[in-house]
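These notes are about the structure you will find just below.
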Amino acid sequence: MLVAIAVTLGAAISTAMIGIATGIGDKISHELRAYGANLVVTPEEDDFDVQIGSVDLKPAGSGAYLDEAALPKIKGIFWRNNIVAFAPELPVNVLVGRPAVDSATGSSRAGTPFDFAQGGSAPHNLTLVGTYFSKTLKYGTQEFTTGARTAFPWWKVSGAWPADDSGDVLVGEKLAARSAIQPGQEIEIDGKSHRIAGVLSTGGAEDDQIIAPLSLAQGLAGEPGAVRKIFVSAVTKPEDAFARRSPDSLSAADRDRWYCSAYPQSIAFQLTEVIPHSHAEQIRQVAQNEGNVLSRVKGLMLLITLAALFTSGLAVSAAMATAMFERRTEVGLMKALGAGQFALSAIFVSEAALLACSGGLVGFAVGGWLARELGRSIFGSAITVEPVLLPVILGIAITVTFVGSAAAIRRAVQYDPVRALRGEA
Amino acid sequence: MYFRLLYRAAALRKGQAVAALTAIVVAAAAATAMLNLFVDVQAKLRKEFRNFGANLVVEAKSGSFAPEQISTIESAVAGHGLAVPFAYTVARDEKDRPIVVAGTDFELVRRLNPWWSVSAWPKSSGEVLVGVRAAPILSADGAPFTLQVNGRSVLVTSAGMVRTGAGEDSRVYMSLQDFRSWTGLEPSVVEIAASSSPEEVTSLLRTLQQTLPGADVRAVRQVTEGEANVLGKTRSTLLSSSAFIVCTAALCVLATLMGWVFDRRRDFAIMKALGASDLLIAMFVAGEAAVLAFAGAVLGFVAGSGIATWIGRVNFHAPVAPRLSVFPTVLAGCLLVTLLATLLPLQLLRRIQPAMILRGE
């Protein structure tokens with residue numbers, strides 16, 4: 001009985017561990033999306049940025065733009081299901097002032113320039129960035145929601161996120177602290193009053209900027225439909241030597257294989273195909289390190305799975321050997337009644353096979369359930385164990401039980417029945 | 001007599017003793033390897049996560065840092081990670097286009113941001129690193145070019161190109177010495193990659209905030225939160241897998257030893273018939289179990305440390321150092337499982353009269 005439990009448990013652990021080892025890569029790469037966008041799309045003819053920290057010094061009107069209308073097509077590329085989120089960006093330099101009437105106090109402070117920038121430097125150095133917060137887009141019949149909230153999961157807002165079709169804005173936390181801005185107040189941007197929906201904290205350049213819905217930024221820039229950059233957050237596969245090859249240098253078959261692998265390079269290539277006049281590049285800080293961390297975690301789980309298979313194999317073998325040894329009196333009796341060596345071996349071998357198969361089947365079911373629950377409790381989504389794994393698990397179970405019982409069966413078969421029956425063995 | 005009994009019991013049933021010992025060794029090895037890995041993997045993975053670059057940024061609120069402020073930061077960080085100073089200015093090129101030029105220490109940047117793809121690092125004064133987007137505009141043919149700031153110009157040669165997919169692609173990087181002698185500016189940003197636990201990073205953040213009131217110290221939330229997320233989940237997965245494995249191994253020990261004790265019920269019946277008390281038999285079995293547990297724990301500890309080291313070497317290219325502190329836990333676990341596995345069946349056997357066992361019932 002205990003042996004049956006041991007075989008079942010061994011099979012369950014093997015199933016669960018193989019399931020986890022194969023599923024963990026997928027789960028961790030979704031978790032790694034917490035680092036945000038790993039690809040960036042820029043206009044093809046764009047020259048370089050002139051930006052230090054939060055301040056964009058690029059002369060107004062210079063540089064090329066991407067077309068906002070092309071954005072939904074990102075969901076139409078080959079690896080569309082790997083695109084977790086994307087967010088456009090359009091920086092505009094704006095003049096910010098106090099609102100004509102401060103809604104908090106009701107007092108009038110018309111005309112006074114707002115000292116947003118440190119040390120009284122010119123307020124027009126303030127950068128307003130237009131983006132999607134959580135916008136619903138349509139590609140074909142498919143609807144999806146995307147924007148900064150999912151593309152940059154570490155962005156935190158105190159107050160509320162502005163609606164994408166509103167004129168409300170977010171103010172960076174350092175900017176807000178310097179000028180004592182509270183959510184719900186109004187500020188004046190290029191002469192027009194806008195409500196501050198919330199204060200944004202990112203730990204990055206955005207803490208000194210104003211973040212607004214894309215349409216508002218386009219209006220301020222006088223460039224309807226324009227986008228400067230698109231940040232794309234995609235689930236990718238760690239790049240290898242093959243990934244770094246240029247698609248033009250590959251043969252037709254290799255090119256298809258390259259195109260259909262979720263490398264950062266191939267997803268970037270597919271992005272440039274759907275967005276006209278664009279150039280896509282991986283953000284190496286995120287993309288490269290993601291690959292490293294992913295292969296380390298995957299490697300770790302793989303090695304642990306190997307160790308687990310080995311451990312449970314040995315342990316089940318040991319349990320099996322003891323169980324077989326116990327039955328020598330039975331063997332003696334059978335032999336005394338005239339059973340041949342072949343008949344005896346056949347009985348024990350088929351018993352072991354039966355034990356392995358039933359243990360393997362039950363273990364597979366239990367292991368599958370374990371992996372699913374583990375995935376659900378740790379990653380919030382189930383780890384599925386492929387049915388293809390069943391023959392593998394059964395094979396392992398049969399091998400382990402046979403190896404464990406082989407020596408014991410051989411010895412049992414060779415017993416002198418008289419001694420065995422007298423209990424002297 | 002007691003020890004002779006112990007010895008003969010093992011020697012006469014070598015096969016079973018070996019099977020029992022194997023099961024214990026395997027269980028102890030699994031427990032040791034898992035405990036070692038669990039303690040160490042965090043540090044190993046954290047090292048991988050430091051490749052994401054700075055997790056703290058110190059920025060001068062106005063102007064730039066004085067040299068002694070930089071050394072204050074460096075001494076606060078020393079031993080916990082890497083502090084890399086950056087100085088920025090907007091220069092003009094030959095055609096009066098604005099370009100961001102940064103001054104830094106290349107040796108440190110290389111360690112801070114290993115993801116930078118650089119064709120060749122500058123080695124001598126006058127050589128700069130040019131971002132891939134800036135390069136074709138500044139000097140398409142790789143010829144030396146002039147940069148100008150506040151009327152002072154400098155002629156530089158591009159040593160190589162840097163590609164990161166972010167802001168660095170549109171900048172020019174030069175060594176801090178060159179930058180200072182050209183612009184007279186000091187660094188205004190220090191990026192810190194602190195390689196310690198989240199609590200230590202937070203305390204470093206506090207220390208820096210207190211010692212540098214004129215600076216703005218912040219955690220790079222993109223990096224810190226991503227790390228916490230992935231690290232925590234990897235640890236949980238590892239913990240549950242370890243629990244599974246150790247449980248299986250322990251159960252197999254239980255199965256093996258219980259089988260062994262049941263199998264020897266005749267011996268115990270004879271001992272009892274010859275006048276041994278229940279306590280003596282229990283002592284005998286417990287002694288046997290303890291010896292097995294101890295031997296198993298020692299062998300398993302050695303094997304498990306070996307496995308952990310191997311996994312560390314294969315996966316992280318650095319061995320997981322064996323921890324002696326794990327041994328008492330492993331030994332205690334082994335003793336518990338073996339005693340449970342032997343004394344429990346004995347308890348059941350005690351209720352049966354020796355005569356019945358000897359008659360084979």
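Residue numbering restarts at 1 in every chain; chains get A, B, ... in the order shown in the structure tokens, and ligands count up from 1 in that same order.
Excluding range 150-157 of chain A itself and same-chain residues fewer than 6 positions from it, the residues having an atom within 6 Å of it are Ala34, Gly36, Ala37, Ala85, Phe86, Gly198, Val199, Leu200, Ser201, Thr202 and Ser233 of chain A; Gln222 of chain B, counting only C-alpha atoms.
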Which of range 167-264 of chain B end up as strand (DSSP E or B) when DSSP is run on this backbone - answer as an mmCIF file with C-alpha atoms, in the first residue's frame?
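Below you can see part.cif, which holds the result:
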```
data_model
loop_
_atom_site.group_PDB
_atom_site.id
_atom_site.type_symbol
_atom_site.label_atom_id
_atom_site.label_comp_id
_atom_site.auth_asym_id
_atom_site.auth_seq_id
_atom_site.Cartn_x
_atom_site.Cartn_y
_atom_site.Cartn_z
ATOM 1 C CA ARG B 171 24.005 61.399 -27.018
ATOM 2 C CA VAL B 172 27.767 61.732 -27.083
ATOM 3 C CA TYR B 173 29.678 60.260 -24.128
ATOM 4 C CA MET B 174 33.135 61.453 -23.185
ATOM 5 C CA SER B 175 35.377 60.799 -20.204
ATOM 6 C CA VAL B 189 23.630 62.975 -11.505
ATOM 7 C CA VAL B 190 24.973 59.897 -9.732
ATOM 8 C CA GLU B 191 23.430 56.570 -10.680
ATOM 9 C CA ILE B 192 23.721 53.860 -8.050
ATOM 10 C CA ALA B 193 23.319 50.125 -8.483
ATOM 11 C CA ALA B 194 22.940 48.879 -4.912
ATOM 12 C CA ALA B 215 20.142 66.545 -3.705
ATOM 13 C CA ASP B 216 17.163 64.676 -4.912
ATOM 14 C CA VAL B 217 17.472 60.955 -4.149
ATOM 15 C CA ARG B 218 14.972 58.554 -5.630
ATOM 16 C CA ALA B 219 14.523 54.874 -6.283
#
```
Å distance separating CA of Gln142 in chain A from CA of Pro88 in chain A, one decimal place: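 So the two atoms, CA of Gln142 in chain A and CA of Pro88 in chain A, lie 19.6 Å apart.
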Minimum-distance residue to Ala76 in chain B, chosen among B:His317, B:Arg266, B:Arg206, B:Arg152 (using only C-alpha atoms):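 Using only C-alpha atoms, the shortest distance to Ala76 in chain B belongs to B:Arg206.
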Per-residue DSSP, range 40-240 of chain B, filtered to helix (DSSP H, G or I), as a PyMOL selection string: chain B and resi 40-52+67-77+106-112+135-138+167-170+176-183+198-211+221-240
Exercise: Gly184 in chain B partners within 12 Å, only C-alpha atoms, chain neighbours under 6 positions left out, as JSON, numbers by chain: {"B": [64, 87, 88, 89, 103, 149, 150, 152, 176, 177, 178]}
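Among the candidate residues A:Asp165, A:Glu89, A:Asp26, A:Asp49, the one lying nearest to chain B is A:Asp49, with distances computed using only C-alpha atoms.
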Selection near Cys260 in chain A, 8 Å with only C-alpha atoms, sequence-local residues under 6 positions removed, as a ChimeraX atom specification: /A:78-79,266
Polymer residues at most 12 Å from range 291-294 of chain A, only C-alpha atoms, same-chain spacing of 3 or more positions, as a ChimeraX atom specification: /A:21,23-33,38,235-240,262-264,284-288,297-301 /B:44-52,114-115,226-227,230-231,234,315-316
Expected file: the selected residues, C-alpha atoms, as a compact mmCIF listing (two decimals), in the first residue's frame:
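What follows is the written file part-v8.txt:
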```
# COMPACT_ATOMS: atom_id res chain seq x y z
CA ALA A 21 9.79 23.69 -15.52
CA GLY A 23 5.59 26.55 -17.86
CA ILE A 24 7.77 28.81 -15.77
CA GLY A 25 9.41 30.55 -18.73
CA ASP A 26 6.05 31.73 -19.94
CA LYS A 27 4.96 32.87 -16.49
CA ILE A 28 8.19 34.66 -15.67
CA SER A 29 8.26 36.46 -19.00
CA HIS A 30 4.80 37.79 -18.20
CA GLU A 31 6.04 38.85 -14.77
CA LEU A 32 9.01 40.54 -16.42
CA ARG A 33 6.55 42.78 -18.24
CA ASN A 38 10.95 46.46 -24.30
CA VAL A 235 6.48 38.90 -24.37
CA THR A 236 9.67 37.75 -26.07
CA LYS A 237 11.95 34.79 -26.18
CA PRO A 238 15.59 35.24 -25.05
CA GLU A 239 17.64 36.15 -28.10
CA ASP A 240 20.34 33.83 -29.38
CA ALA A 262 9.14 35.61 -30.74
CA TYR A 263 12.60 37.20 -30.69
CA PRO A 264 12.68 40.92 -29.85
CA ARG A 284 18.24 46.93 -24.49
CA GLN A 285 18.06 47.68 -20.76
CA VAL A 286 14.78 45.77 -20.59
CA ALA A 287 15.00 43.34 -23.50
CA GLN A 288 18.54 42.08 -22.90
CA VAL A 297 15.16 31.06 -13.82
CA LYS A 298 14.33 28.52 -16.50
CA GLY A 299 17.71 26.84 -16.10
CA LEU A 300 17.28 26.72 -12.34
CA MET A 301 13.88 25.08 -12.58
CA LYS B 44 22.49 34.86 -7.14
CA LEU B 45 19.39 36.16 -8.84
CA ARG B 46 19.82 39.58 -7.29
CA LYS B 47 23.18 39.73 -9.00
CA GLU B 48 21.44 39.04 -12.31
CA PHE B 49 18.95 41.79 -11.57
CA ARG B 50 21.75 44.30 -10.96
CA ASN B 51 22.42 44.03 -14.68
CA PHE B 52 19.25 46.07 -15.13
CA PRO B 114 26.18 45.79 -19.21
CA TRP B 115 23.33 45.91 -21.73
CA GLY B 226 10.17 44.57 -11.43
CA GLU B 227 12.89 42.92 -9.39
CA VAL B 230 10.08 38.36 -10.26
CA LEU B 231 12.30 37.50 -7.30
CA THR B 234 10.72 32.66 -8.28
CA ASN B 315 23.18 27.88 -14.02
CA PHE B 316 24.80 30.90 -12.37
```
Residue nearest chain B among A:Gly19, A:Gly203, A:Pro162, A:Gly63 (counting only C-alpha atoms): A:Gly203
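With only C-alpha atoms as the atoms that count, the residue of B:Ile270, B:Leu21, B:Ile307, B:Ala135 with the shortest distance to Ile357 in chain B is B:Ile270.
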Contacts of Pro354 in chain B at 12 Å (only C-alpha atoms; same-chain gap of 3+ positions) as a list in words: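 Listing them by chain and then by number gives Arg265, Arg266, Asp267, Phe268, Ala269, Ile270, Met271, Lys272, Ala273, Leu274, Gly275, Ala276, Ser277, Asp278, Leu349, Arg350, Arg351, Ile357, Leu358, Arg359, Gly360 and Glu361 of chain B.
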With N, CA and C atoms kept, could you save the residues just selected as a tab-separated table (two decimals), in the first residue's frame?
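As a result, out37.tsv now contains:
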```tsv
chain	number	residue	atom	x	y	z
B	265	ARG	N	9.05	-8.73	12.16
B	265	ARG	CA	8.21	-8.97	13.32
B	265	ARG	C	8.56	-10.29	14.02
B	266	ARG	N	9.00	-11.29	13.21
B	266	ARG	CA	9.41	-12.56	13.80
B	266	ARG	C	10.57	-12.37	14.77
B	267	ASP	N	11.56	-11.59	14.38
B	267	ASP	CA	12.72	-11.34	15.25
B	267	ASP	C	12.26	-10.74	16.57
B	268	PHE	N	11.36	-9.76	16.44
B	268	PHE	CA	10.92	-9.09	17.66
B	268	PHE	C	10.14	-10.06	18.54
B	269	ALA	N	9.34	-10.93	17.87
B	269	ALA	CA	8.58	-11.90	18.64
B	269	ALA	C	9.50	-12.85	19.40
B	270	ILE	N	10.58	-13.28	18.73
B	270	ILE	CA	11.54	-14.16	19.39
B	270	ILE	C	12.21	-13.45	20.56
B	271	MET	N	12.59	-12.15	20.31
B	271	MET	CA	13.22	-11.38	21.38
B	271	MET	C	12.29	-11.30	22.58
B	272	LYS	N	11.01	-11.07	22.27
B	272	LYS	CA	10.03	-10.92	23.34
B	272	LYS	C	9.85	-12.26	24.07
B	273	ALA	N	9.80	-13.33	23.29
B	273	ALA	CA	9.62	-14.65	23.89
B	273	ALA	C	10.80	-14.99	24.80
B	274	LEU	N	11.97	-14.47	24.43
B	274	LEU	CA	13.16	-14.73	25.24
B	274	LEU	C	13.23	-13.80	26.44
B	275	GLY	N	12.25	-12.93	26.58
B	275	GLY	CA	12.18	-12.13	27.79
B	275	GLY	C	12.51	-10.65	27.63
B	276	ALA	N	12.66	-10.16	26.40
B	276	ALA	CA	12.95	-8.73	26.22
B	276	ALA	C	11.68	-7.92	26.49
B	277	SER	N	11.85	-6.77	27.13
B	277	SER	CA	10.69	-5.93	27.41
B	277	SER	C	10.36	-5.10	26.16
B	278	ASP	N	9.14	-4.56	26.11
B	278	ASP	CA	8.75	-3.69	25.01
B	278	ASP	C	9.71	-2.52	24.87
B	349	LEU	N	2.69	-3.54	16.32
B	349	LEU	CA	3.11	-4.91	16.58
B	349	LEU	C	2.97	-5.29	18.04
B	350	ARG	N	3.12	-4.29	18.92
B	350	ARG	CA	3.15	-4.56	20.35
B	350	ARG	C	1.84	-5.17	20.84
B	351	ARG	N	0.76	-4.79	20.14
B	351	ARG	CA	-0.54	-5.26	20.57
B	351	ARG	C	-0.70	-6.76	20.30
B	357	ILE	N	2.54	-14.19	16.24
B	357	ILE	CA	3.48	-13.87	15.17
B	357	ILE	C	4.32	-15.09	14.84
B	358	LEU	N	4.78	-15.77	15.89
B	358	LEU	CA	5.65	-16.91	15.66
B	358	LEU	C	4.91	-18.03	14.94
B	359	ARG	N	3.60	-18.11	15.17
B	359	ARG	CA	2.83	-19.12	14.47
B	359	ARG	C	2.56	-18.70	13.03
B	360	GLY	N	2.97	-17.48	12.74
B	360	GLY	CA	2.85	-17.04	11.35
B	360	GLY	C	1.50	-16.42	11.04
B	361	GLU	N	0.83	-15.95	12.06
B	361	GLU	CA	-0.49	-15.34	11.81
B	361	GLU	C	-0.36	-13.84	11.68
```
Nearby residues (only C-alpha atoms) at most 8 Å from Ala397 in chain A, same-chain spacing under 5 positions excluded, as an MDAnalysis selection string: chainID A and resid 7 10:11 356:357 359:360
Atom-to-atom span, CA of Leu344 in chain A and CA of Val413 in chain A, Å: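 Taking CA of Leu344 in chain A as the start and CA of Val413 in chain A as the end point, the length is 6.7 Å.
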Residue among B:Thr202, B:Ser117, B:Thr211, B:Ser75 lying closest to chain A, counting only C-alpha atoms: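 Result for the nearest residue to chain A: B:Ser117.
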Atom-to-atom span, CA of Ala83 in chain B and CA of Leu56 in chain B, Å: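 Taking CA of Ala83 in chain B as the start and CA of Leu56 in chain B as the end point, the length is 9.3 Å.
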Given only C-alpha atoms as the counted atoms, nearest of A:Ala16, A:Pro213, A:Gly130, A:Val3 to Ile245 in chain B: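 The closest residue to Ile245 in chain B is A:Ala16.
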